[in-house]
>>> print(open('final-v9.csv').read())   # CSV, C-alpha atoms
chain,number,residue,atom,x,y,z
T,1,MET,CA,-0.5,67.9,3.5
T,2,ASP,CA,-4.1,69.1,4.0
T,3,THR,CA,-6.1,65.8,3.9
T,4,LYS,CA,-9.6,67.3,3.3
T,5,LYS,CA,-11.3,65.1,0.8
T,6,LEU,CA,-12.9,67.1,-2.0
T,7,HIS,CA,-15.3,66.1,-4.7
T,8,ILE,CA,-13.6,66.9,-8.1
T,9,LEU,CA,-15.5,66.9,-11.3
T,10,PHE,CA,-13.4,65.8,-14.2
T,11,LEU,CA,-14.9,67.4,-17.3
T,12,THR,CA,-13.3,66.2,-20.5
T,13,SER,CA,-13.6,66.4,-24.2
T,14,TRP,CA,-11.5,63.2,-24.6
T,15,PHE,CA,-11.9,59.9,-22.8
T,16,PRO,CA,-11.8,56.1,-23.7
T,17,SER,CA,-15.3,55.1,-24.9
T,18,ARG,CA,-16.9,52.6,-27.2
T,19,VAL,CA,-16.4,55.1,-30.0
T,20,PHE,CA,-12.7,55.7,-29.4
T,21,PRO,CA,-11.4,53.0,-27.0
T,22,VAL,CA,-8.0,54.6,-26.3
T,23,LEU,CA,-8.6,58.3,-26.9
T,24,GLY,CA,-7.6,60.3,-23.8
T,25,ASP,CA,-6.3,57.3,-21.8
T,26,PHE,CA,-3.7,59.8,-20.4
T,27,ILE,CA,-6.6,61.8,-19.0
T,28,GLN,CA,-8.0,58.6,-17.4
T,29,ARG,CA,-4.6,58.2,-15.7
T,30,HIS,CA,-4.7,61.7,-14.3
T,31,ALA,CA,-8.2,61.1,-12.9
T,32,GLU,CA,-7.1,57.8,-11.3
T,33,ALA,CA,-4.2,59.6,-9.7
T,34,VAL,CA,-6.5,62.3,-8.2
T,35,ALA,CA,-8.9,59.6,-7.1
T,36,THR,CA,-6.3,58.2,-4.7
T,37,LEU,CA,-6.8,61.4,-2.6
T,38,HIS,CA,-10.2,62.7,-3.5
T,39,GLN,CA,-13.7,61.7,-4.8
T,40,VAL,CA,-13.7,61.9,-8.6
T,41,SER,CA,-16.7,62.1,-10.9
T,42,LEU,CA,-15.9,62.2,-14.6
T,43,VAL,CA,-18.3,63.5,-17.3
T,44,HIS,CA,-17.7,62.9,-21.1
T,45,VAL,CA,-20.1,63.5,-24.0
T,46,ILE,CA,-19.3,61.9,-27.4
T,47,SER,CA,-21.0,61.6,-30.8
T,48,ASP,CA,-21.7,58.1,-31.8
T,49,PRO,CA,-22.2,57.4,-35.6
T,50,ASN,CA,-24.4,54.4,-34.7
T,51,LEU,CA,-27.0,56.6,-32.9
T,52,LYS,CA,-29.7,58.4,-34.8
T,53,HIS,CA,-32.5,59.7,-32.6
T,54,ARG,CA,-31.7,59.2,-28.9
T,55,ILE,CA,-29.0,59.6,-26.2
T,56,GLU,CA,-27.5,56.6,-24.5
T,57,PHE,CA,-25.9,56.9,-21.0
T,58,GLU,CA,-23.2,54.7,-19.5
T,59,SER,CA,-22.4,55.1,-15.8
T,60,LYS,CA,-19.8,52.9,-14.0
T,61,VAL,CA,-17.2,53.0,-11.3
T,62,GLN,CA,-13.7,52.1,-12.5
T,63,ASN,CA,-10.4,52.4,-10.6
T,64,GLY,CA,-12.0,54.7,-8.0
T,65,ILE,CA,-13.7,57.0,-10.5
T,66,GLN,CA,-17.4,57.5,-11.0
T,67,ILE,CA,-17.6,57.7,-14.8
T,68,HIS,CA,-20.6,59.2,-16.7
T,69,ILE,CA,-20.5,58.9,-20.5
T,70,ALA,CA,-23.3,60.2,-22.8
T,71,TYR,CA,-23.4,59.0,-26.4
T,72,ILE,CA,-25.3,61.4,-28.6
T,73,PRO,CA,-26.4,61.1,-32.2
T,74,TYR,CA,-23.9,62.0,-34.9
T,75,THR,CA,-24.9,65.0,-37.0
T,76,PHE,CA,-23.3,67.6,-39.3
T,77,SER,CA,-25.7,70.2,-38.1
T,78,LEU,CA,-24.1,72.6,-35.6
T,79,LEU,CA,-27.5,73.5,-34.1
T,80,LYS,CA,-28.6,69.8,-33.8
T,81,LYS,CA,-25.2,68.9,-32.2
T,82,LEU,CA,-25.6,71.8,-29.7
T,83,TYR,CA,-29.1,70.5,-28.8
T,84,TRP,CA,-27.9,67.0,-28.2
T,85,TYR,CA,-24.9,68.1,-26.1
T,86,LEU,CA,-27.1,70.4,-23.9
T,87,LYS,CA,-29.6,67.7,-23.4
T,88,ALA,CA,-26.9,65.1,-22.5
T,89,TYR,CA,-25.3,67.5,-20.0
T,90,HIS,CA,-28.6,68.4,-18.5
T,91,GLN,CA,-29.4,64.7,-17.8
T,92,ILE,CA,-25.9,63.9,-16.5
T,93,PHE,CA,-25.8,66.8,-14.1
T,94,LYS,CA,-29.0,65.5,-12.5
T,95,LYS,CA,-26.7,62.6,-11.3
T,96,VAL,CA,-23.7,64.8,-10.4
T,97,VAL,CA,-25.4,67.3,-8.2
T,98,SER,CA,-22.7,68.5,-5.9
T,99,PHE,CA,-18.9,69.0,-6.3
T,100,ASP,CA,-16.2,71.3,-5.1
T,101,LEU,CA,-14.1,72.0,-8.1
T,102,ILE,CA,-13.9,71.3,-11.9
T,103,HIS,CA,-10.8,69.7,-13.4
T,104,LEU,CA,-11.2,70.4,-17.1
T,105,ASN,CA,-9.3,68.4,-19.7
T,106,LYS,CA,-8.8,69.4,-23.3
T,107,LEU,CA,-10.1,72.9,-22.8
T,108,TYR,CA,-12.3,73.1,-26.0
T,109,ALA,CA,-15.2,72.5,-26.2
T,110,SER,CA,-16.0,71.1,-22.7
T,111,GLY,CA,-14.6,74.3,-21.3
T,112,ILE,CA,-17.8,76.1,-22.3
T,113,VAL,CA,-19.6,73.9,-19.7
T,114,ALA,CA,-16.9,74.9,-17.2
T,115,LEU,CA,-17.6,78.6,-18.0
T,116,TYR,CA,-21.3,78.1,-17.2
T,117,PHE,CA,-20.5,76.6,-13.8
T,118,LYS,CA,-18.0,79.4,-13.1
T,119,PHE,CA,-20.3,82.3,-14.1
T,120,PHE,CA,-23.6,80.9,-12.8
T,121,LYS,CA,-22.7,78.5,-10.0
T,122,GLY,CA,-19.5,80.0,-8.7
T,123,LYS,CA,-17.4,76.8,-9.3
T,124,LYS,CA,-13.7,77.3,-10.0
T,125,TYR,CA,-11.8,75.2,-12.4
T,126,LEU,CA,-8.3,74.4,-13.6
T,127,ILE,CA,-7.3,73.0,-17.0
T,128,THR,CA,-5.0,70.2,-17.9
T,129,GLU,CA,-4.1,70.5,-21.6
T,130,HIS,CA,-2.6,67.8,-23.8
T,131,TRP,CA,-3.5,68.9,-27.3
T,132,SER,CA,-0.6,69.3,-29.8
T,133,GLY,CA,-3.0,71.5,-31.9
T,134,TYR,CA,-1.7,74.6,-30.1
T,135,GLN,CA,1.8,74.1,-31.4
T,136,GLU,CA,2.8,76.5,-34.2
T,137,ILE,CA,3.1,73.6,-36.6
T,138,ASN,CA,-0.6,72.8,-36.2
T,139,ASN,CA,-2.5,75.9,-34.9
T,140,SER,CA,-3.4,77.4,-38.3
T,141,ASN,CA,-6.3,75.0,-38.4
T,142,ILE,CA,-8.0,76.5,-35.4
T,143,GLY,CA,-11.0,78.6,-36.3
T,144,LYS,CA,-11.8,82.1,-35.0
T,145,ILE,CA,-14.8,80.9,-32.9
T,146,GLU,CA,-12.7,78.2,-31.2
T,147,LYS,CA,-9.9,80.6,-30.6
T,148,TRP,CA,-12.2,83.1,-29.0
T,149,PHE,CA,-13.8,80.6,-26.7
T,150,SER,CA,-10.5,79.1,-25.9
T,151,GLY,CA,-9.1,82.5,-24.8
T,152,LEU,CA,-12.2,83.1,-22.6
T,153,ILE,CA,-11.9,79.6,-21.0
T,154,THR,CA,-8.2,80.0,-20.2
T,155,SER,CA,-8.7,83.5,-18.9
T,156,GLN,CA,-11.2,82.3,-16.3
T,157,ALA,CA,-9.3,79.3,-15.1
T,158,SER,CA,-7.5,79.3,-11.8
T,159,TYR,CA,-4.6,77.4,-13.3
T,160,ILE,CA,-3.7,76.1,-16.7
T,161,CYS,CA,-1.6,72.9,-16.5
T,162,PRO,CA,-0.2,71.8,-19.8
T,163,VAL,CA,1.8,68.6,-19.7
T,164,THR,CA,5.0,70.4,-20.7
T,165,GLN,CA,6.6,73.9,-20.7
T,166,HIS,CA,6.8,73.7,-24.5
T,167,LEU,CA,3.0,73.4,-24.7
T,168,ALA,CA,2.6,76.2,-22.2
T,169,LYS,CA,4.8,78.5,-24.4
T,170,SER,CA,2.8,77.4,-27.5
T,171,MET,CA,-0.5,78.3,-25.9
T,172,ILE,CA,0.8,81.7,-24.7
T,173,LYS,CA,2.2,82.5,-28.1
T,174,PHE,CA,-1.2,81.5,-29.6
T,175,GLY,CA,-2.8,84.1,-27.4
T,176,LEU,CA,-4.2,82.0,-24.5
T,177,LYS,CA,-3.5,84.0,-21.4
T,178,GLY,CA,-3.7,82.7,-17.8
T,179,LYS,CA,-1.8,81.3,-14.9
T,180,TYR,CA,0.3,78.5,-16.2
T,181,PHE,CA,1.6,75.6,-14.0
T,182,PRO,CA,2.8,72.6,-16.1
T,183,VAL,CA,2.1,69.1,-14.7
T,184,PRO,CA,3.4,66.1,-16.6
T,185,ASN,CA,1.6,62.9,-17.5
T,186,VAL,CA,1.1,60.0,-15.1
T,187,VAL,CA,2.8,56.6,-15.1
T,188,ASN,CA,1.7,53.6,-12.9
T,189,THR,CA,5.1,53.0,-11.5
T,190,ASP,CA,3.9,50.1,-9.5
T,191,LEU,CA,2.9,48.3,-12.7
T,192,PHE,CA,5.7,49.6,-15.0
T,193,VAL,CA,8.8,48.1,-13.3
T,194,PRO,CA,12.1,46.8,-14.6
T,195,LYS,CA,12.5,43.1,-15.4
T,196,THR,CA,15.8,41.4,-15.9
T,197,HIS,CA,16.2,40.2,-19.5
T,198,GLN,CA,18.9,39.4,-22.0
T,199,ASN,CA,18.2,39.3,-25.7
T,200,ASP,CA,20.6,37.7,-28.2
T,201,THR,CA,19.0,39.9,-30.9
T,202,LEU,CA,18.5,43.6,-30.5
T,203,THR,CA,14.8,44.0,-29.7
T,204,LEU,CA,13.1,47.2,-30.5
T,205,ILE,CA,9.5,48.3,-29.7
T,206,HIS,CA,7.1,51.1,-30.8
T,207,ILE,CA,3.7,51.6,-29.1
T,208,SER,CA,1.1,54.0,-30.5
T,209,SER,CA,-2.0,54.2,-32.7
T,210,LEU,CA,0.4,54.1,-35.7
T,211,ASP,CA,-0.9,57.4,-37.1
T,212,ASP,CA,1.7,57.9,-39.8
T,213,SER,CA,1.2,61.7,-40.0
T,214,ILE,CA,2.3,62.0,-36.4
T,215,LYS,CA,4.4,59.0,-35.6
T,216,ASN,CA,6.1,58.6,-39.0
T,217,ILE,CA,5.8,54.8,-39.1
T,218,ASN,CA,6.9,54.8,-42.8
T,219,GLY,CA,10.1,56.5,-41.8
T,220,ILE,CA,10.8,53.8,-39.2
T,221,LEU,CA,10.1,51.1,-41.8
T,222,ASN,CA,12.5,52.7,-44.2
T,223,VAL,CA,15.2,52.5,-41.6
T,224,LEU,CA,14.4,48.9,-40.8
T,225,GLY,CA,14.6,48.1,-44.5
T,226,ARG,CA,18.1,49.7,-44.5
T,227,LEU,CA,19.2,47.7,-41.5
T,228,GLN,CA,17.9,44.4,-42.9
T,229,GLN,CA,19.8,45.0,-46.2
T,230,SER,CA,23.0,45.5,-44.1
T,231,ASN,CA,22.3,42.1,-42.4
T,232,PHE,CA,22.0,43.8,-39.0
T,233,ASP,CA,20.3,41.5,-36.5
T,234,PHE,CA,17.2,43.0,-34.9
T,235,LYS,CA,13.5,42.4,-34.1
T,236,MET,CA,11.0,45.2,-34.1
T,237,TYR,CA,7.5,45.1,-32.6
T,238,PHE,CA,4.8,47.7,-33.5
T,239,LEU,CA,2.0,47.6,-30.9
T,240,GLY,CA,-1.3,49.5,-31.0
T,241,GLY,CA,-2.5,50.1,-34.5
T,242,THR,CA,-3.1,47.9,-37.6
T,243,LYS,CA,-0.7,46.7,-40.2
T,244,GLU,CA,-2.9,47.2,-43.3
T,245,PRO,CA,-1.8,50.8,-44.1
T,246,PHE,CA,1.8,49.8,-44.3
T,247,GLU,CA,1.6,46.4,-46.1
T,248,LYS,CA,2.7,47.9,-49.5
T,249,LYS,CA,5.7,49.5,-47.9
T,250,ILE,CA,6.6,46.3,-46.0
T,251,LYS,CA,6.4,44.3,-49.3
T,252,LEU,CA,8.4,46.9,-51.2
T,253,LEU,CA,11.1,46.9,-48.5
T,254,GLN,CA,10.9,43.1,-48.3
T,255,LEU,CA,10.8,43.2,-44.5
T,256,LYS,CA,10.6,39.7,-43.0
T,257,ASP,CA,7.8,38.7,-40.7
T,258,GLU,CA,10.2,37.3,-38.2
T,259,GLN,CA,12.0,40.6,-37.9
T,260,VAL,CA,9.1,43.1,-38.0
T,261,GLN,CA,5.8,42.2,-36.3
T,262,PHE,CA,2.6,44.2,-35.9
T,263,ILE,CA,0.4,43.5,-32.9
T,264,HIS,CA,-3.0,45.1,-32.9
T,265,HIS,CA,-4.5,47.0,-29.9
T,266,ILE,CA,-4.2,44.9,-26.7
T,267,PRO,CA,-4.8,45.9,-23.0
T,268,GLN,CA,-2.1,47.8,-21.2
T,269,SER,CA,-1.4,44.8,-19.0
T,270,GLU,CA,-0.5,42.7,-22.1
T,271,ILE,CA,1.7,45.5,-23.5
T,272,LEU,CA,3.8,45.5,-20.4
T,273,PRO,CA,5.8,42.3,-21.1
T,274,PHE,CA,6.7,43.5,-24.6
T,275,LEU,CA,8.1,46.7,-23.1
T,276,GLN,CA,9.9,45.0,-20.2
T,277,ASN,CA,11.6,42.6,-22.6
T,278,ALA,CA,12.7,45.2,-25.2
T,279,ASP,CA,16.2,46.7,-25.4
T,280,ALA,CA,15.0,50.1,-26.7
T,281,PHE,CA,11.9,52.0,-27.4
T,282,ILE,CA,11.7,53.9,-30.7
T,283,LEU,CA,9.7,57.0,-31.3
T,284,PHE,CA,10.2,58.8,-34.6
T,285,SER,CA,7.4,61.4,-34.4
T,286,ASN,CA,7.0,64.5,-36.4
T,287,TYR,CA,5.4,66.3,-33.4
T,288,GLU,CA,4.4,65.4,-29.8
T,289,ASN,CA,3.8,66.8,-26.4
T,290,LEU,CA,4.9,64.3,-23.7
T,291,PRO,CA,4.1,60.7,-24.7
T,292,CYS,CA,3.2,58.4,-21.9
T,293,VAL,CA,5.0,55.6,-23.6
T,294,ILE,CA,8.4,57.3,-23.2
T,295,LEU,CA,7.8,57.8,-19.5
T,296,GLU,CA,6.6,54.1,-19.1
T,297,SER,CA,9.8,53.0,-20.9
T,298,PHE,CA,11.9,54.9,-18.4
T,299,SER,CA,9.8,53.3,-15.6
T,300,CYS,CA,10.7,49.9,-17.0
T,301,GLY,CA,14.3,50.8,-17.3
T,302,ILE,CA,14.2,50.8,-21.1
T,303,PRO,CA,16.3,53.4,-23.0
T,304,VAL,CA,14.6,55.5,-25.6
T,305,ILE,CA,15.5,56.7,-29.1
T,306,SER,CA,13.2,59.6,-29.9
T,307,THR,CA,12.9,62.7,-32.0
T,308,ARG,CA,13.5,66.0,-30.3
T,309,VAL,CA,9.9,67.4,-30.6
T,310,GLY,CA,7.4,69.0,-28.2
T,311,GLY,CA,8.3,68.8,-24.6
T,312,ILE,CA,10.1,65.4,-24.7
T,313,GLU,CA,13.6,66.8,-23.8
T,314,GLU,CA,12.2,68.5,-20.7
T,315,TYR,CA,11.9,65.0,-19.1
T,316,PHE,CA,14.8,63.2,-20.8
T,317,PRO,CA,17.9,62.7,-18.7
T,318,GLU,CA,21.0,62.5,-20.9
T,319,ASP,CA,21.9,58.8,-20.3
T,320,PHE,CA,18.3,57.5,-20.6
T,321,GLY,CA,18.5,57.4,-24.4
T,322,VAL,CA,19.1,59.7,-27.3
T,323,LEU,CA,17.2,62.5,-29.1
T,324,ILE,CA,17.5,63.0,-32.9
T,325,ASN,CA,15.9,65.4,-35.4
T,326,PRO,CA,12.5,64.5,-36.9
T,327,LYS,CA,12.5,62.8,-40.3
T,328,ASP,CA,16.3,62.1,-40.0
T,329,GLU,CA,16.3,58.5,-41.1
T,330,SER,CA,20.1,58.3,-41.2
T,331,ALA,CA,20.4,59.4,-37.6
T,332,LEU,CA,17.8,56.8,-36.5
T,333,ALA,CA,19.7,54.1,-38.4
T,334,HIS,CA,23.0,55.2,-36.8
T,335,GLN,CA,21.6,55.2,-33.3
T,336,ILE,CA,20.1,51.7,-33.7
T,337,LEU,CA,23.3,50.3,-35.2
T,338,ASN,CA,25.4,51.7,-32.3
T,339,PHE,CA,22.9,51.2,-29.5
T,340,LYS,CA,24.7,48.3,-27.9
T,341,SER,CA,28.0,50.1,-27.9
T,342,LYS,CA,26.7,52.9,-25.6
T,343,LYS,CA,26.4,52.8,-21.8
T,344,TRP,CA,22.9,53.8,-20.6
T,345,ALA,CA,21.7,54.5,-17.1
T,346,ASP,CA,20.8,51.4,-15.1
T,347,SER,CA,17.2,50.3,-14.8
T,348,THR,CA,16.9,51.1,-11.1
T,349,THR,CA,18.0,54.7,-11.7
T,350,MET,CA,15.5,55.1,-14.6
T,351,HIS,CA,12.7,53.6,-12.6
T,352,GLN,CA,13.5,55.8,-9.6
T,353,TYR,CA,13.4,58.9,-11.8
T,354,ALA,CA,10.0,57.9,-13.2
T,355,ASN,CA,8.7,57.3,-9.7
T,356,GLU,CA,9.8,60.8,-8.5
T,357,GLN,CA,8.5,62.7,-11.5
T,358,PHE,CA,5.4,60.8,-12.9
T,359,SER,CA,4.0,58.4,-10.3
T,360,GLN,CA,0.4,58.5,-9.2
T,361,ALA,CA,1.4,59.7,-5.8
T,362,HIS,CA,3.5,62.6,-7.1
T,363,ILE,CA,0.9,63.8,-9.6
T,364,ALA,CA,-2.0,63.5,-7.1
T,365,LYS,CA,0.0,65.5,-4.5
T,366,THR,CA,0.7,68.2,-7.2
T,367,TYR,CA,-3.0,68.6,-8.1
T,368,HIS,CA,-4.1,68.3,-4.5
T,369,ASP,CA,-1.9,71.4,-3.6
T,370,LEU,CA,-3.4,73.3,-6.5
T,371,TYR,CA,-7.0,72.4,-5.5
T,372,ILE,CA,-6.4,73.6,-2.0
T,373,LYS,CA,-4.9,76.9,-3.3
T,374,MET,CA,-8.0,77.4,-5.5
T,375,LEU,CA,-10.3,77.1,-2.4
>>> encode(input="final-v9.csv", output="structure tokens")
Amino acid sequence: MDTKKLHILFLTSWFPSRVFPVLGDFIQRHAEAVATLHQVSLVHVISDPNLKHRIEFESKVQNGIQIHIAYIPYTFSLLKKLYWYLKAYHQIFKKVVSFDLIHLNKLYASGIVALYFKFFKGKKYLITEHWSGYQEINNSNIGKIEKWFSGLITSQASYICPVTQHLAKSMIKFGLKGKYFPVPNVVNTDLFVPKTHQNDTLTLIHISSLDDSIKNINGILNVLGRLQQSNFDFKMYFLGGTKEPFEKKIKLLQLKDEQVQFIHHIPQSEILPFLQNADAFILFSNYENLPCVILESFSCGIPVISTRVGGIEEYFPEDFGVLINPKDESALAHQILNFKSKKWADSTTMHQYANEQFSQAHIAKTYHDLYIKML
């Protein structure tokens, strides 16, 4: 492998910040992987509702990445927003004065900045795309201006790297032309490792922001209510969001606290023991791309019951779990009821698969090879 160390500018529309603490954490993982081989500077500009008349800058080094975040005033005026964005980028790029390539994440709207560097500074860029908005089920909401800019941004990219083939096909069908090379999400396979455990009660887990429109939390609760009525012995942990939007449903279904628990957002290191001690991970989403939580479950040797949406089945070995149709509550109930009667892959095999496909080393090498080709 060519070991030349490059300076890569990660330019991203999404990234964890004080406004959205977990938004784009999968982008952070890609950056951390690349930082094992190259110098990485990351730039993110975000509107902050608490700011009125000034920009605030945050610069820090975290897990090998030099991070620059600019918080700009929140405004409904497109012209004012454009002014604040341009001013913020102007100030940040006084600090990031020299880099070799741009690694763009979430192509719109940060890709407009990448276009500037391509046209006026001769800097090449590739795109990593995660957004499910390009899927046919969602893309009717994308306006003409955004679609035009997105088409220009993708046409000028050296590579477009959606996290799944499914997303690549969705983007192409939407009219975004370019050189596609899918690269999956990253898992810290040194952290997410199997742990021997034995539960008397079937222990299930779901980890997400608990956005019901995407994750169909109410559907999972309906199934849990059905299981409880049949006196099926289980425990279910929901990690990541808040319980409040579902309290009426929980009361209506008479779900017991000792069986169904909600644990608000906690650091990844504290999530790990819950995942390692679970028997199965449950994802009942209406749509997805490639959720990191499924890959992390595999890395921990935990089988997954998921809906067959997005690109999930592209990285879902047959004996690592089961895929069902979205919104099919009867199928979800059946799979949970019969979970213990099935033979799943052993935890060592599952972890080895995750390490080969999603580890920092594998993803870093994949991007390194693309960077070298770009140069």
>>> atom_distance(input="final-v9.csv", atom1="atom CA of Asp200 of chain T", atom2="atom CA of Asn277 of chain T")
11.7 Å
>>> atom_distance(input="final-v9.csv", atom1="atom CA of Gly111 of chain T", atom2="atom CA of Ser150 of chain T")
7.8 Å
>>> atom_distance(input="final-v9.csv", atom1="atom CA of Ala33 of chain T", atom2="atom CA of Lys169 of chain T")
25.6 Å
>>> closest_atom_pairs(input="final-v9.csv", of="segment 283-331 of chain T", to="segment 151-167 of chain T", cutoff="12 Å", atoms="all atoms listed in the file", output="CSV")
residue,atom,partner,partner_atom,distance
T:Tyr287,CA,T:Leu167,CA,11.5
T:Glu288,CA,T:Leu167,CA,9.6
T:Asn289,CA,T:Thr164,CA,6.8
T:Leu290,CA,T:Val163,CA,6.6
T:Pro291,CA,T:Val163,CA,9.6
T:Cys292,CA,T:Val163,CA,10.5
T:Arg308,CA,T:His166,CA,11.7
T:Val309,CA,T:His166,CA,9.3
T:Gly310,CA,T:His166,CA,6.0
T:Gly311,CA,T:His166,CA,5.1
T:Ile312,CA,T:Thr164,CA,8.2
T:Glu313,CA,T:His166,CA,9.7
T:Glu314,CA,T:Thr164,CA,7.4
T:Tyr315,CA,T:Thr164,CA,8.9
>>> closest_residue(input="final-v9.csv", among="T:Ala278, T:Val260, T:Ile72, T:Val43", to="Ser59 of chain T", atoms="all atoms listed in the file")
T:Val43
>>> residues_around(input="final-v9.csv", residues="Thr12 of chain T", least_positions_apart="2", cutoff="7 Å", atoms="all atoms listed in the file", output="VMD selection string")
chain T and resid 10 14 to 15 43 to 44 104 to 106 110
>>> closest_residue(input="final-v9.csv", among="T:Ile363, T:Met236, T:Ile127, T:Ile372", to="Ile102 of chain T", atoms="all atoms listed in the file")
T:Ile127
>>> residues_around(input="final-v9.csv", residues="Glu356 of chain T", least_positions_apart="2", cutoff="12 Å", atoms="all atoms listed in the file", output="ChimeraX atom specification")
/T:184,186-189,295,298-299,315,349-354,358-363,365-366
>>> write_last_selection(input="final-v9.csv", atoms="C-alpha atoms", output="PDB file, in the coordinates of the input")
ATOM      1  CA  PRO T 184       3.400  66.100 -16.600  1.00  0.00           C
ATOM      2  CA  VAL T 186       1.100  60.000 -15.100  1.00  0.00           C
ATOM      3  CA  VAL T 187       2.800  56.600 -15.100  1.00  0.00           C
ATOM      4  CA  ASN T 188       1.700  53.600 -12.900  1.00  0.00           C
ATOM      5  CA  THR T 189       5.100  53.000 -11.500  1.00  0.00           C
ATOM      6  CA  LEU T 295       7.800  57.800 -19.500  1.00  0.00           C
ATOM      7  CA  PHE T 298      11.900  54.900 -18.400  1.00  0.00           C
ATOM      8  CA  SER T 299       9.800  53.300 -15.600  1.00  0.00           C
ATOM      9  CA  TYR T 315      11.900  65.000 -19.100  1.00  0.00           C
ATOM     10  CA  THR T 349      18.000  54.700 -11.700  1.00  0.00           C
ATOM     11  CA  MET T 350      15.500  55.100 -14.600  1.00  0.00           C
ATOM     12  CA  HIS T 351      12.700  53.600 -12.600  1.00  0.00           C
ATOM     13  CA  GLN T 352      13.500  55.800  -9.600  1.00  0.00           C
ATOM     14  CA  TYR T 353      13.400  58.900 -11.800  1.00  0.00           C
ATOM     15  CA  ALA T 354      10.000  57.900 -13.200  1.00  0.00           C
ATOM     16  CA  PHE T 358       5.400  60.800 -12.900  1.00  0.00           C
ATOM     17  CA  SER T 359       4.000  58.400 -10.300  1.00  0.00           C
ATOM     18  CA  GLN T 360       0.400  58.500  -9.200  1.00  0.00           C
ATOM     19  CA  ALA T 361       1.400  59.700  -5.800  1.00  0.00           C
ATOM     20  CA  HIS T 362       3.500  62.600  -7.100  1.00  0.00           C
ATOM     21  CA  ILE T 363       0.900  63.800  -9.600  1.00  0.00           C
ATOM     22  CA  LYS T 365       0.000  65.500  -4.500  1.00  0.00           C
ATOM     23  CA  THR T 366       0.700  68.200  -7.200  1.00  0.00           C
TER      24      THR T 366
END
>>> closest_residue(input="final-v9.csv", among="T:Ile271, T:Ile282, T:Leu115, T:Leu252", to="Gln335 of chain T", atoms="all atoms listed in the file")
T:Ile282
>>> residues_near_point(input="final-v9.csv", point="(-17.4, 61.5, -29.5)", cutoff="12 Å", atoms="all atoms listed in the file", output="ChimeraX atom specification")
/T:12-21,23-24,44-51,69-75,81,84-85,109-110
>>> closest_residue(input="final-v9.csv", among="T:Thr242, T:Asn286, T:Ser208, T:Thr128", to="Tyr180 of chain T", atoms="all atoms listed in the file")
T:Thr128
>>> closest_residue(input="final-v9.csv", among="T:Val96, T:Val61, T:Ala280, T:Ile27", to="Thr203 of chain T", atoms="only C-alpha atoms")
T:Ala280
>>> closest_residue(input="final-v9.csv", among="T:Val113, T:Val40, T:Leu202, T:Val193", to="Ile67 of chain T", atoms="only C-alpha atoms")
T:Val40
>>> decode(input="final-v9.csv", residues="segment 193-217 of chain T", atoms="C-alpha atoms", output="tab-separated table (two decimals), in the first residue's frame")
chain	number	residue	atom	x	y	z
T	193	VAL	CA	-16.73	-7.46	20.61
T	194	PRO	CA	-18.73	-10.51	21.71
T	195	LYS	CA	-19.22	-11.16	25.41
T	196	THR	CA	-20.39	-14.44	26.86
T	197	HIS	CA	-23.83	-14.12	28.45
T	198	GLN	CA	-26.85	-16.25	29.22
T	199	ASN	CA	-30.28	-14.75	29.88
T	200	ASP	CA	-33.15	-16.65	31.45
T	201	THR	CA	-35.52	-14.16	29.83
T	202	LEU	CA	-35.30	-13.33	26.11
T	203	THR	CA	-33.64	-9.90	26.08
T	204	LEU	CA	-34.28	-7.62	23.11
T	205	ILE	CA	-32.78	-4.23	22.29
T	206	HIS	CA	-33.44	-1.34	19.93
T	207	ILE	CA	-31.05	1.62	19.55
T	208	SER	CA	-31.98	4.77	17.62
T	209	SER	CA	-33.26	8.32	17.99
T	210	LEU	CA	-36.74	6.70	18.27
T	211	ASP	CA	-38.13	8.72	15.35
T	212	ASP	CA	-41.40	6.85	14.85
T	213	SER	CA	-41.86	7.93	11.23
T	214	ILE	CA	-38.65	6.08	10.33
T	215	LYS	CA	-38.16	3.46	13.05
T	216	ASN	CA	-41.84	2.53	13.59
T	217	ILE	CA	-41.50	2.38	17.38
